[in-house]
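Just work12.cif here, mmCIF, C-alpha atoms:
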data_model
loop_
_atom_site.group_PDB
_atom_site.id
_atom_site.type_symbol
_atom_site.label_atom_id
_atom_site.label_comp_id
_atom_site.auth_asym_id
_atom_site.auth_seq_id
_atom_site.Cartn_x
_atom_site.Cartn_y
_atom_site.Cartn_z
ATOM 1 C CA MET A 1 49.743 -4.970 -57.271
ATOM 2 C CA ARG A 2 46.105 -5.460 -58.303
ATOM 3 C CA ALA A 3 46.052 -1.930 -59.722
ATOM 4 C CA LEU A 4 49.298 -2.615 -61.592
ATOM 5 C CA MET A 5 47.907 -5.826 -63.096
ATOM 6 C CA GLN A 6 44.706 -4.042 -64.154
ATOM 7 C CA ASP A 7 46.745 -1.285 -65.814
ATOM 8 C CA MET A 8 48.883 -3.914 -67.565
ATOM 9 C CA SER A 9 45.802 -5.666 -68.947
ATOM 10 C CA ARG A 10 44.543 -2.406 -70.450
ATOM 11 C CA VAL A 11 47.913 -1.338 -71.844
ATOM 12 C CA ALA A 12 48.677 -4.778 -73.279
ATOM 13 C CA GLN A 13 45.867 -4.453 -75.810
ATOM 14 C CA THR A 14 47.583 -1.453 -77.426
ATOM 15 C CA ASP A 15 50.930 -0.953 -79.139
ATOM 16 C CA ALA A 16 51.886 1.941 -76.862
ATOM 17 C CA THR A 17 55.509 2.001 -75.718
ATOM 18 C CA VAL A 18 55.706 1.100 -72.023
ATOM 19 C CA LEU A 19 58.337 2.164 -69.491
ATOM 20 C CA LEU A 20 58.558 -0.053 -66.399
ATOM 21 C CA SER A 21 60.162 1.806 -63.510
ATOM 22 C CA GLY A 22 61.237 0.339 -60.201
ATOM 23 C CA GLU A 23 64.146 -0.736 -58.060
ATOM 24 C CA SER A 24 66.576 -3.396 -59.199
ATOM 25 C CA GLY A 25 65.314 -6.907 -58.583
ATOM 26 C CA THR A 26 61.578 -6.138 -58.556
ATOM 27 C CA GLY A 27 60.909 -8.415 -61.536
ATOM 28 C CA LYS A 28 60.460 -5.841 -64.284
ATOM 29 C CA GLU A 29 61.409 -8.374 -66.967
ATOM 30 C CA LEU A 30 58.631 -10.705 -65.789
ATOM 31 C CA PHE A 31 56.134 -7.851 -66.094
ATOM 32 C CA ALA A 32 57.429 -7.067 -69.588
ATOM 33 C CA GLU A 33 56.953 -10.708 -70.558
ATOM 34 C CA ALA A 34 53.442 -10.646 -69.071
ATOM 35 C CA LEU A 35 52.647 -7.574 -71.188
ATOM 36 C CA HIS A 36 53.741 -9.498 -74.262
ATOM 37 C CA HIS A 37 51.666 -12.585 -73.437
ATOM 38 C CA LEU A 38 48.578 -10.465 -72.735
ATOM 39 C CA SER A 39 48.954 -8.617 -76.040
ATOM 40 C CA GLN A 40 47.846 -9.472 -79.566
ATOM 41 C CA ARG A 41 51.540 -10.034 -80.352
ATOM 42 C CA ASN A 42 51.742 -13.093 -78.117
ATOM 43 C CA GLN A 43 52.268 -15.401 -81.090
ATOM 44 C CA GLY A 44 55.368 -13.418 -82.040
ATOM 45 C CA PRO A 45 58.792 -13.465 -80.349
ATOM 46 C CA PHE A 46 59.620 -11.868 -77.002
ATOM 47 C CA VAL A 47 63.245 -10.697 -77.216
ATOM 48 C CA THR A 48 65.223 -9.305 -74.284
ATOM 49 C CA ILE A 49 68.424 -7.302 -74.234
ATOM 50 C CA ASN A 50 70.168 -6.246 -71.028
ATOM 51 C CA CYS A 51 71.681 -2.936 -72.129
ATOM 52 C CA PRO A 52 74.404 -2.478 -69.448
ATOM 53 C CA ALA A 53 75.643 -6.056 -69.952
ATOM 54 C CA ILE A 54 76.894 -5.230 -73.456
ATOM 55 C CA PRO A 55 79.891 -2.938 -74.112
ATOM 56 C CA ASP A 56 78.921 0.433 -75.597
ATOM 57 C CA LEU A 57 80.745 -0.248 -78.865
ATOM 58 C CA LEU A 58 78.830 -3.511 -79.410
ATOM 59 C CA LEU A 59 75.356 -2.470 -78.212
ATOM 60 C CA GLU A 60 74.401 -0.779 -81.477
ATOM 61 C CA SER A 61 75.340 -3.908 -83.410
ATOM 62 C CA GLU A 62 73.413 -6.126 -80.999
ATOM 63 C CA LEU A 63 70.299 -4.015 -81.447
ATOM 64 C CA PHE A 64 70.400 -3.252 -85.159
ATOM 65 C CA GLY A 65 72.716 -5.908 -86.589
ATOM 66 C CA HIS A 66 75.729 -5.303 -88.811
ATOM 67 C CA GLU A 67 77.053 -6.034 -92.282
ATOM 68 C CA LYS A 68 80.172 -8.026 -93.046
ATOM 69 C CA GLY A 69 83.218 -5.768 -92.686
ATOM 70 C CA ALA A 70 81.305 -3.071 -90.772
ATOM 71 C CA TYR A 71 84.090 -3.066 -88.180
ATOM 72 C CA THR A 72 87.114 -5.116 -87.181
ATOM 73 C CA GLY A 73 85.968 -8.637 -86.370
ATOM 74 C CA ALA A 74 82.699 -8.399 -88.316
ATOM 75 C CA THR A 75 83.422 -11.374 -90.541
ATOM 76 C CA GLN A 76 79.819 -11.931 -91.595
ATOM 77 C CA ARG A 77 76.408 -10.276 -91.577
ATOM 78 C CA ALA A 78 74.611 -10.418 -88.207
ATOM 79 C CA THR A 79 70.921 -9.949 -87.465
ATOM 80 C CA GLY A 80 70.088 -7.573 -84.626
ATOM 81 C CA LYS A 81 67.538 -7.885 -81.822
ATOM 82 C CA PHE A 82 65.060 -5.594 -83.597
ATOM 83 C CA GLU A 83 64.867 -7.971 -86.563
ATOM 84 C CA TYR A 84 64.623 -11.017 -84.302
ATOM 85 C CA ALA A 85 61.694 -9.352 -82.494
ATOM 86 C CA ASN A 86 59.811 -8.549 -85.718
ATOM 87 C CA GLY A 87 56.115 -9.195 -85.139
ATOM 88 C CA GLY A 88 56.596 -9.349 -81.377
ATOM 89 C CA THR A 89 58.017 -7.404 -78.458
ATOM 90 C CA LEU A 90 61.526 -6.125 -77.733
ATOM 91 C CA PHE A 91 62.348 -5.567 -74.066
ATOM 92 C CA LEU A 92 65.151 -3.056 -73.431
ATOM 93 C CA ASP A 93 66.235 -3.661 -69.843
ATOM 94 C CA GLU A 94 67.982 -0.735 -68.086
ATOM 95 C CA ILE A 95 67.547 1.683 -70.960
ATOM 96 C CA GLY A 96 69.109 4.403 -68.806
ATOM 97 C CA ASP A 97 72.490 2.759 -69.489
ATOM 98 C CA VAL A 98 72.254 3.131 -73.271
ATOM 99 C CA PRO A 99 75.084 5.416 -74.552
ATOM 100 C CA PRO A 100 74.156 8.687 -76.328
ATOM 101 C CA SER A 101 75.230 7.457 -79.786
ATOM 102 C CA THR A 102 72.839 4.501 -79.594
ATOM 103 C CA GLN A 103 70.092 6.696 -78.138
ATOM 104 C CA VAL A 104 70.061 8.578 -81.465
ATOM 105 C CA LYS A 105 69.384 5.396 -83.454
ATOM 106 C CA LEU A 106 66.753 4.256 -80.962
ATOM 107 C CA LEU A 107 64.955 7.582 -81.361
ATOM 108 C CA ARG A 108 65.062 7.217 -85.135
ATOM 109 C CA PHE A 109 63.441 3.790 -84.885
ATOM 110 C CA MET A 110 60.771 5.059 -82.460
ATOM 111 C CA GLU A 111 59.866 7.728 -85.010
ATOM 112 C CA THR A 112 60.026 5.675 -88.227
ATOM 113 C CA HIS A 113 59.897 1.962 -87.263
ATOM 114 C CA VAL A 114 62.792 1.508 -89.670
ATOM 115 C CA ILE A 115 66.317 0.330 -88.820
ATOM 116 C CA GLU A 116 69.681 0.307 -90.584
ATOM 117 C CA ARG A 117 72.313 -2.308 -89.850
ATOM 118 C CA VAL A 118 75.735 -1.014 -88.836
ATOM 119 C CA GLY A 119 77.748 -0.557 -92.023
ATOM 120 C CA SER A 120 74.679 -0.337 -94.280
ATOM 121 C CA HIS A 121 72.304 2.341 -95.519
ATOM 122 C CA GLN A 122 69.564 -0.129 -96.395
ATOM 123 C CA LYS A 123 66.341 0.761 -94.589
ATOM 124 C CA ILE A 124 64.622 -2.256 -93.043
ATOM 125 C CA PRO A 125 61.051 -1.806 -91.733
ATOM 126 C CA VAL A 126 60.309 -3.812 -88.586
ATOM 127 C CA ASP A 127 57.052 -4.275 -86.697
ATOM 128 C CA VAL A 128 58.124 -4.295 -83.056
ATOM 129 C CA ARG A 129 56.542 -3.138 -79.834
ATOM 130 C CA VAL A 130 59.134 -1.707 -77.442
ATOM 131 C CA VAL A 131 58.945 -2.151 -73.682
ATOM 132 C CA CYS A 132 61.679 -0.501 -71.607
ATOM 133 C CA ALA A 133 62.712 -0.755 -67.975
ATOM 134 C CA THR A 134 64.947 1.241 -65.681
ATOM 135 C CA HIS A 135 65.811 1.658 -62.018
ATOM 136 C CA ARG A 136 67.329 5.057 -62.775
ATOM 137 C CA ASN A 137 65.697 8.478 -62.457
ATOM 138 C CA LEU A 138 65.385 9.357 -66.137
ATOM 139 C CA ASP A 139 63.965 12.808 -65.346
ATOM 140 C CA ALA A 140 67.199 13.644 -63.518
ATOM 141 C CA MET A 141 69.285 12.167 -66.345
ATOM 142 C CA VAL A 142 67.448 14.344 -68.874
ATOM 143 C CA ALA A 143 68.141 17.397 -66.697
ATOM 144 C CA GLU A 144 71.822 16.409 -66.493
ATOM 145 C CA GLY A 145 72.010 15.929 -70.255
ATOM 146 C CA THR A 146 72.955 12.218 -70.037
ATOM 147 C CA PHE A 147 69.686 10.988 -71.549
ATOM 148 C CA ARG A 148 68.032 12.493 -74.628
ATOM 149 C CA GLU A 149 64.859 14.399 -73.816
ATOM 150 C CA ASP A 150 63.228 13.571 -77.161
ATOM 151 C CA LEU A 151 63.868 9.837 -76.660
ATOM 152 C CA TYR A 152 62.558 10.058 -73.100
ATOM 153 C CA TYR A 153 59.228 11.435 -74.299
ATOM 154 C CA ARG A 154 59.027 8.644 -76.875
ATOM 155 C CA ILE A 155 59.526 5.797 -74.410
ATOM 156 C CA ASN A 156 57.399 7.032 -71.529
ATOM 157 C CA GLN A 157 54.054 7.038 -73.290
ATOM 158 C CA ILE A 158 52.853 4.709 -70.528
ATOM 159 C CA VAL A 159 54.800 4.459 -67.256
ATOM 160 C CA LEU A 160 54.078 1.539 -64.931
ATOM 161 C CA ARG A 161 55.794 1.529 -61.540
ATOM 162 C CA VAL A 162 56.698 -1.874 -60.151
ATOM 163 C CA PRO A 163 56.718 -1.472 -56.343
ATOM 164 C CA PRO A 164 59.498 -2.914 -54.183
ATOM 165 C CA VAL A 165 58.708 -5.936 -52.007
ATOM 166 C CA ARG A 166 58.754 -3.862 -48.800
ATOM 167 C CA GLU A 167 55.674 -1.985 -50.063
ATOM 168 C CA ARG A 168 53.802 -5.181 -50.852
ATOM 169 C CA ALA A 169 52.831 -6.391 -47.358
ATOM 170 C CA ASP A 170 52.801 -10.200 -47.300
ATOM 171 C CA ASP A 171 54.072 -10.699 -50.859
ATOM 172 C CA ALA A 172 57.443 -11.914 -49.558
ATOM 173 C CA MET A 173 55.823 -15.111 -48.239
ATOM 174 C CA PHE A 174 53.866 -15.745 -51.461
ATOM 175 C CA LEU A 175 57.016 -15.215 -53.521
ATOM 176 C CA ALA A 176 59.006 -17.457 -51.194
ATOM 177 C CA ASP A 177 56.384 -20.201 -51.628
ATOM 178 C CA HIS A 178 56.644 -19.822 -55.408
ATOM 179 C CA PHE A 179 60.434 -20.167 -55.393
ATOM 180 C CA PHE A 180 60.263 -22.976 -52.832
ATOM 181 C CA ALA A 181 57.995 -25.066 -55.088
ATOM 182 C CA ARG A 182 60.247 -24.405 -58.096
ATOM 183 C CA TYR A 183 63.529 -25.310 -56.420
ATOM 184 C CA VAL A 184 62.223 -28.295 -54.453
ATOM 185 C CA GLU A 185 61.160 -29.806 -57.765
ATOM 186 C CA GLU A 186 64.357 -28.785 -59.562
ATOM 187 C CA PHE A 187 66.706 -30.182 -56.914
ATOM 188 C CA GLN A 188 64.440 -33.061 -55.781
ATOM 189 C CA ARG A 189 64.668 -32.105 -52.101
ATOM 190 C CA PRO A 190 62.299 -33.742 -49.536
ATOM 191 C CA LEU A 191 61.286 -30.485 -47.798
ATOM 192 C CA ARG A 192 57.896 -29.572 -46.292
ATOM 193 C CA GLY A 193 57.856 -25.783 -46.332
ATOM 194 C CA PHE A 194 59.054 -23.125 -43.865
ATOM 195 C CA THR A 195 59.137 -23.026 -40.076
ATOM 196 C CA GLY A 196 57.061 -20.379 -38.269
ATOM 197 C CA GLU A 197 60.306 -18.651 -37.302
ATOM 198 C CA ALA A 198 61.320 -18.454 -40.983
ATOM 199 C CA LEU A 199 57.941 -17.002 -41.999
ATOM 200 C CA LEU A 200 58.183 -14.326 -39.289
ATOM 201 C CA ALA A 201 61.756 -13.480 -40.292
ATOM 202 C CA MET A 202 60.724 -13.093 -43.937
ATOM 203 C CA LYS A 203 57.840 -10.823 -42.972
ATOM 204 C CA GLU A 204 60.085 -8.535 -40.911
ATOM 205 C CA TYR A 205 63.045 -8.460 -43.310
ATOM 206 C CA PRO A 206 63.208 -5.351 -45.592
ATOM 207 C CA TRP A 207 64.249 -7.263 -48.775
ATOM 208 C CA ARG A 208 66.447 -4.564 -50.267
ATOM 209 C CA GLY A 209 67.259 -6.930 -53.144
ATOM 210 C CA ASN A 210 63.531 -7.433 -53.780
ATOM 211 C CA VAL A 211 62.280 -10.501 -55.699
ATOM 212 C CA ARG A 212 65.798 -11.421 -56.838
ATOM 213 C CA GLU A 213 66.998 -11.610 -53.241
ATOM 214 C CA ILE A 214 64.025 -13.763 -52.189
ATOM 215 C CA GLY A 215 64.714 -16.191 -55.029
ATOM 216 C CA ASN A 216 68.422 -16.403 -54.232
ATOM 217 C CA ARG A 217 67.914 -16.965 -50.489
ATOM 218 C CA VAL A 218 65.217 -19.607 -50.995
ATOM 219 C CA LYS A 219 67.300 -21.402 -53.622
ATOM 220 C CA ARG A 220 70.302 -21.552 -51.292
ATOM 221 C CA ALA A 221 68.097 -22.681 -48.397
ATOM 222 C CA VAL A 222 66.482 -25.476 -50.439
ATOM 223 C CA ILE A 223 69.921 -26.777 -51.408
ATOM 224 C CA MET A 224 71.548 -26.455 -47.975
ATOM 225 C CA ALA A 225 68.707 -27.160 -45.492
ATOM 226 C CA ARG A 226 69.424 -30.046 -43.123
ATOM 227 C CA GLY A 227 65.951 -30.470 -41.631
ATOM 228 C CA THR A 228 62.592 -31.163 -43.200
ATOM 229 C CA LYS A 229 61.594 -27.484 -43.089
ATOM 230 C CA ILE A 230 63.500 -24.337 -43.999
ATOM 231 C CA THR A 231 64.498 -22.239 -40.982
ATOM 232 C CA ALA A 232 65.414 -18.571 -40.653
ATOM 233 C CA ALA A 233 69.033 -19.688 -40.326
ATOM 234 C CA ASP A 234 68.778 -21.623 -43.610
ATOM 235 C CA LEU A 235 67.610 -18.379 -45.245
ATOM 236 C CA GLY A 236 70.463 -16.443 -43.633
ATOM 237 C CA LEU A 237 67.925 -14.225 -41.857
ATOM 238 C CA ALA A 238 68.325 -15.258 -38.204
ATOM 239 C CA GLN A 239 71.223 -12.938 -37.364
ATOM 240 C CA GLU A 240 69.938 -10.100 -39.541
ATOM 241 C CA THR A 241 66.507 -10.197 -37.888
ATOM 242 C CA GLU A 242 68.122 -10.163 -34.438
ATOM 243 C CA ALA A 243 70.357 -7.228 -35.405
ATOM 244 C CA ARG A 244 67.337 -5.370 -36.788
ATOM 245 C CA SER A 245 65.373 -6.002 -33.572
ATOM 246 C CA GLU A 246 68.283 -4.663 -31.508
ATOM 247 C CA LEU A 247 68.415 -1.533 -33.653
ATOM 248 C CA ASP A 248 64.659 -1.018 -33.300
ATOM 249 C CA LEU A 249 64.910 -1.443 -29.508
ATOM 250 C CA ARG A 250 67.795 1.042 -29.304
ATOM 251 C CA LYS A 251 65.820 3.523 -31.382
ATOM 252 C CA ALA A 252 62.756 3.126 -29.139
ATOM 253 C CA ARG A 253 64.853 3.703 -26.019
ATOM 254 C CA LEU A 254 66.406 6.840 -27.486
ATOM 255 C CA GLU A 255 63.017 8.196 -28.527
ATOM 256 C CA ALA A 256 61.616 7.572 -25.040
ATOM 257 C CA GLY A 257 64.688 9.187 -23.476
ATOM 258 C CA ALA A 258 64.359 12.225 -25.757
ATOM 259 C CA GLU A 259 60.742 12.707 -24.676
ATOM 260 C CA VAL A 260 61.665 12.532 -20.954
ATOM 261 C CA ILE A 261 64.530 15.010 -21.483
ATOM 262 C CA ARG A 262 62.239 17.459 -23.303
ATOM 263 C CA LYS A 263 59.770 17.373 -20.417
ATOM 264 C CA ALA A 264 62.518 17.839 -17.830
ATOM 265 C CA LEU A 265 64.038 20.782 -19.719
ATOM 266 C CA SER A 266 60.587 22.345 -20.078
ATOM 267 C CA GLU A 267 59.920 22.063 -16.345
ATOM 268 C CA ALA A 268 63.407 23.423 -15.583
ATOM 269 C CA GLY A 269 63.009 26.396 -17.918
ATOM 270 C CA SER A 270 65.748 25.011 -20.234
ATOM 271 C CA ASN A 271 68.244 24.977 -17.342
ATOM 272 C CA VAL A 272 70.367 21.872 -17.981
ATOM 273 C CA SER A 273 71.660 21.593 -14.389
ATOM 274 C CA GLN A 274 68.128 21.797 -12.974
ATOM 275 C CA ALA A 275 66.837 19.297 -15.555
ATOM 276 C CA ALA A 276 69.617 16.873 -14.569
ATOM 277 C CA LYS A 277 68.545 17.151 -10.898
ATOM 278 C CA LEU A 278 64.911 16.474 -11.850
ATOM 279 C CA LEU A 279 66.028 13.361 -13.726
ATOM 280 C CA GLY A 280 68.314 12.216 -10.910
ATOM 281 C CA ILE A 281 71.446 12.168 -13.094
ATOM 282 C CA SER A 282 74.586 14.280 -13.377
ATOM 283 C CA ARG A 283 74.860 17.130 -15.861
ATOM 284 C CA PRO A 284 77.638 15.363 -17.900
ATOM 285 C CA THR A 285 75.409 12.262 -18.144
ATOM 286 C CA LEU A 286 72.508 14.391 -19.397
ATOM 287 C CA TYR A 287 74.767 16.028 -21.993
ATOM 288 C CA SER A 288 75.927 12.563 -23.116
ATOM 289 C CA ILE A 289 72.349 11.329 -23.534
ATOM 290 C CA MET A 290 71.429 14.511 -25.433
ATOM 291 C CA ARG A 291 74.335 13.925 -27.843
ATOM 292 C CA GLN A 292 73.183 10.333 -28.471
ATOM 293 C CA VAL A 293 69.631 11.503 -29.169
ATOM 294 C CA LYS A 294 70.866 14.192 -31.568
ATOM 295 C CA ALA A 295 73.111 11.707 -33.401
ATOM 296 C CA ALA A 296 70.190 9.323 -33.875
ATOM 297 C CA GLU A 297 67.886 11.995 -35.373
#
Same coordinates, now as structure tokens:
Amino acid sequence: MRALMQDMSRVAQTDATVLLSGESGTGKELFAEALHHLSQRNQGPFVTINCPAIPDLLLESELFGHEKGAYTGATQRATGKFEYANGGTLFLDEIGDVPPSTQVKLLRFMETHVIERVGSHQKIPVDVRVVCATHRNLDAMVAEGTFREDLYYRINQIVLRVPPVRERADDAMFLADHFFARYVEEFQRPLRGFTGEALLAMKEYPWRGNVREIGNRVKRAVIMARGTKITAADLGLAQETEARSELDLRKARLEAGAEVIRKALSEAGSNVSQAAKLLGISRPTLYSIMRQVKAAE
């Protein structure tokens, strides 16, 4: 994370297009906003558009604007996100979901810094820095032909990877503290932090939903907690941590069993019946254990 922040500080001072890659929920929009605030454009607007949240037919209009009568329902001229972001930064979240027709117009802007509203041929110059984000593998999409190669090379001038929470050691607790302070103030709840059990559960939990999942669980816990401190149960982690521990224990037992079986088979010259005698079990039981070990690999 320190390396990422150092890279962001250097990149922010330029107008290079930045691609933020990382799993869903890692906080890529927050990093995009940080890039904007660290840049010389910080007095200008920071405009966000969530590409998959807008129907394909409307995305082009949302980005570039449209003229009155450009299509059915266009009763008046509309300004697009590029014009709103003039002098600042435009954040294109989940750019991998942009349809091919809109990719063409995005490429044209990246090359010329000029846009045309839908239904117009008037060229409008705009001064916008573009920051993109995706959880998709754009290299694979280019190979499949679902994402334009020329646009890809335009947007990945600088690629910054935002790591998932599971790769960030104790960050889960720091993030939980951040959300705790926010929601305790927002909901005016008389809470005094987390129990030791809750802290341990957060440290062991894999956080597949990343920062978004931490925020959601802490928010729910702050609202619903009955005691003065948030417990693992309040976070909904008690049962999941127990289930995870059981799985880890089962895995350890199988690994230990596999090692014992390998030694017995080695001593028996790979004779299963002899290995079963050495282990003091029946041959069918040994076969059953061997199947379980194989299934777990």
Enter the distance from atom CA of Cys51 of chain A to atom CA of Thr102 of chain A, in Å, rounded to one decimal.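 Answer for the atom CA of Cys51 of chain A to atom CA of Thr102 of chain A separation: 10.6 Å.
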Please determine, counting only C-alpha atoms, which residue among A:Arg148, A:His36, A:Arg129, A:Lys81 has the shortest atom-to-atom distance to Thr48 of chain A.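 Among A:Arg148, A:His36, A:Arg129, A:Lys81, it is A:Lys81 that comes nearest to Thr48 of chain A.
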Please evaluate the PyMOL selection byres ((chain A and resi 151) around 9) against the displayed coordinates and give the resulting residues as JSON, numbers by chain. {"A": [103, 104, 106, 107, 108, 110, 147, 148, 149, 150, 152, 153, 154, 155, 156]}
When you count only C-alpha atoms, which of these residues is closest to Leu199 of chain A: A:Ile54, A:Leu235, A:Val211, A:Leu286? A:Leu235
As a JSON list (two decimals) with C-alpha atoms, in the coordinates of the input, please: the residues near Leu58 of chain A (cut-off 12 Å, all atoms listed in the file, same-chain neighbours under 3 positions excluded).
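Output saved as result_15.json:
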[["chain", "number", "residue", "atom", "x", "y", "z"],
["A", 51, "CYS", "CA", 71.68, -2.94, -72.13],
["A", 52, "PRO", "CA", 74.40, -2.48, -69.45],
["A", 53, "ALA", "CA", 75.64, -6.06, -69.95],
["A", 54, "ILE", "CA", 76.89, -5.23, -73.46],
["A", 55, "PRO", "CA", 79.89, -2.94, -74.11],
["A", 61, "SER", "CA", 75.34, -3.91, -83.41],
["A", 62, "GLU", "CA", 73.41, -6.13, -81.00],
["A", 63, "LEU", "CA", 70.30, -4.01, -81.45],
["A", 64, "PHE", "CA", 70.40, -3.25, -85.16],
["A", 65, "GLY", "CA", 72.72, -5.91, -86.59],
["A", 66, "HIS", "CA", 75.73, -5.30, -88.81],
["A", 70, "ALA", "CA", 81.31, -3.07, -90.77],
["A", 71, "TYR", "CA", 84.09, -3.07, -88.18],
["A", 72, "THR", "CA", 87.11, -5.12, -87.18],
["A", 73, "GLY", "CA", 85.97, -8.64, -86.37],
["A", 74, "ALA", "CA", 82.70, -8.40, -88.32],
["A", 78, "ALA", "CA", 74.61, -10.42, -88.21],
["A", 80, "GLY", "CA", 70.09, -7.57, -84.63],
["A", 98, "VAL", "CA", 72.25, 3.13, -73.27],
["A", 99, "PRO", "CA", 75.08, 5.42, -74.55],
["A", 101, "SER", "CA", 75.23, 7.46, -79.79],
["A", 102, "THR", "CA", 72.84, 4.50, -79.59],
["A", 118, "VAL", "CA", 75.74, -1.01, -88.84]]
Restricting the calculation to only C-alpha atoms, which member of A:Thr195, A:Thr14, A:Gln157, A:Ser273 is positioned closest to Gly227 of chain A?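 Checking each candidate against Gly227 of chain A, we get A:Thr195 as the closest.
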Using only C-alpha atoms, find the one residue out of A:Thr17, A:Ser9, A:Gln122, A:Thr231 that sits nearest to Arg217 of chain A. A:Thr231
As an exercise, work out the distance from atom CA of Val47 of chain A to atom CA of Asp93 of chain A in Å and give it to one decimal place.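 Straight-line distance from atom CA of Val47 of chain A to atom CA of Asp93 of chain A works out to 10.6 Å.
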Any idea what the distance is between atom CA of Arg226 of chain A and atom CA of Ala181 of chain A?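 Separating atom CA of Arg226 of chain A from atom CA of Ala181 of chain A is a distance of 17.3 Å.
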Among the residues A:Arg41, A:Val222, A:Leu175, A:Tyr205, the one that comes closest to Phe187 of chain A [using only C-alpha atoms]: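 Using only C-alpha atoms, the shortest distance to Phe187 of chain A belongs to A:Val222.
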Any idea what's packed within 10 Å of Ala221 of chain A, counting all atoms listed in the file, ignoring anything in its chain fewer than 3 positions away? Could you give it as a list in words?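 Returned residues: Phe180, Tyr183, Gly215, Asn216, Arg217, Val218, Met224, Ala225, Arg226, Lys229, Ile230, Thr231, Ala232, Ala233, Asp234, Leu235 and Gly236 of chain A.
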Measuring between only C-alpha atoms, which one of A:Glu197, A:Glu186, A:Asp171, A:Glu144 shows the shortest distance to Ile214 of chain A?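 The closest residue to Ile214 of chain A is A:Asp171.
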Need to verify the contact set: Met1 of chain A, 12 Å, all atoms listed in the file, exclusion of same-chain residues closer than 6 positions in sequence. Can you return it as a ChimeraX atom specification? /A:7-8,26,31,160-165,167-171
Output of the above residues as a short mmCIF file (atom, residue, chain, number, x, y, z; two decimals), keeping the file's coordinate frame, restricted to C-alpha atoms:
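Done, and the output landed in result18.cif:
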data_model
loop_
_atom_site.label_atom_id
_atom_site.label_comp_id
_atom_site.auth_asym_id
_atom_site.auth_seq_id
_atom_site.Cartn_x
_atom_site.Cartn_y
_atom_site.Cartn_z
CA ASP A 7 46.74 -1.28 -65.81
CA MET A 8 48.88 -3.91 -67.56
CA THR A 26 61.58 -6.14 -58.56
CA PHE A 31 56.13 -7.85 -66.09
CA LEU A 160 54.08 1.54 -64.93
CA ARG A 161 55.79 1.53 -61.54
CA VAL A 162 56.70 -1.87 -60.15
CA PRO A 163 56.72 -1.47 -56.34
CA PRO A 164 59.50 -2.91 -54.18
CA VAL A 165 58.71 -5.94 -52.01
CA GLU A 167 55.67 -1.98 -50.06
CA ARG A 168 53.80 -5.18 -50.85
CA ALA A 169 52.83 -6.39 -47.36
CA ASP A 170 52.80 -10.20 -47.30
CA ASP A 171 54.07 -10.70 -50.86
#
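The residues that lie within 10 Å of the point (58.3, 1.1, -86.8), counting all atoms listed in the file, are A:Asn86, A:Arg108, A:Phe109, A:Met110, A:Glu111, A:Thr112, A:His113, A:Val114, A:Ile115, A:Ile124, A:Pro125, A:Val126, A:Asp127, A:Val128, A:Arg129, A:Val130.
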Could those residues be written to a file, using C-alpha atoms, as a PDB file, in the frame of the given file?
ATOM      1  CA  ASN A  86      59.811  -8.549 -85.718  1.00  0.00           C
ATOM      2  CA  ARG A 108      65.062   7.217 -85.135  1.00  0.00           C
ATOM      3  CA  PHE A 109      63.441   3.790 -84.885  1.00  0.00           C
ATOM      4  CA  MET A 110      60.771   5.059 -82.460  1.00  0.00           C
ATOM      5  CA  GLU A 111      59.866   7.728 -85.010  1.00  0.00           C
ATOM      6  CA  THR A 112      60.026   5.675 -88.227  1.00  0.00           C
ATOM      7  CA  HIS A 113      59.897   1.962 -87.263  1.00  0.00           C
ATOM      8  CA  VAL A 114      62.792   1.508 -89.670  1.00  0.00           C
ATOM      9  CA  ILE A 115      66.317   0.330 -88.820  1.00  0.00           C
ATOM     10  CA  ILE A 124      64.622  -2.256 -93.043  1.00  0.00           C
ATOM     11  CA  PRO A 125      61.051  -1.806 -91.733  1.00  0.00           C
ATOM     12  CA  VAL A 126      60.309  -3.812 -88.586  1.00  0.00           C
ATOM     13  CA  ASP A 127      57.052  -4.275 -86.697  1.00  0.00           C
ATOM     14  CA  VAL A 128      58.124  -4.295 -83.056  1.00  0.00           C
ATOM     15  CA  ARG A 129      56.542  -3.138 -79.834  1.00  0.00           C
ATOM     16  CA  VAL A 130      59.134  -1.707 -77.442  1.00  0.00           C
TER      17      VAL A 130
END
Exercise on segment 209-225 of chain A, axis-aligned box with 4 Å per side, report centre and edge lengths in Å to one decimal, as AutoDock Vina command-line options:
--center_x 66.9 --center_y -17.0 --center_z -51.2 --size_x 17.3 --size_y 28.2 --size_z 19.3
Once the PyMOL selection byres ((chain A and resi 131) around 7) is applied to the coordinates I shared, what remains selected? I want it as a VMD selection string. chain A and resid 17 to 19 32 90 to 92 129 to 130 132 to 133
Test item: residues at most 7 Å from Trp207 of chain A, all atoms listed in the file, excluding those fewer than 3 positions along its chain, as a list in words: Val165, Arg166, Asn210 and Glu213 of chain A
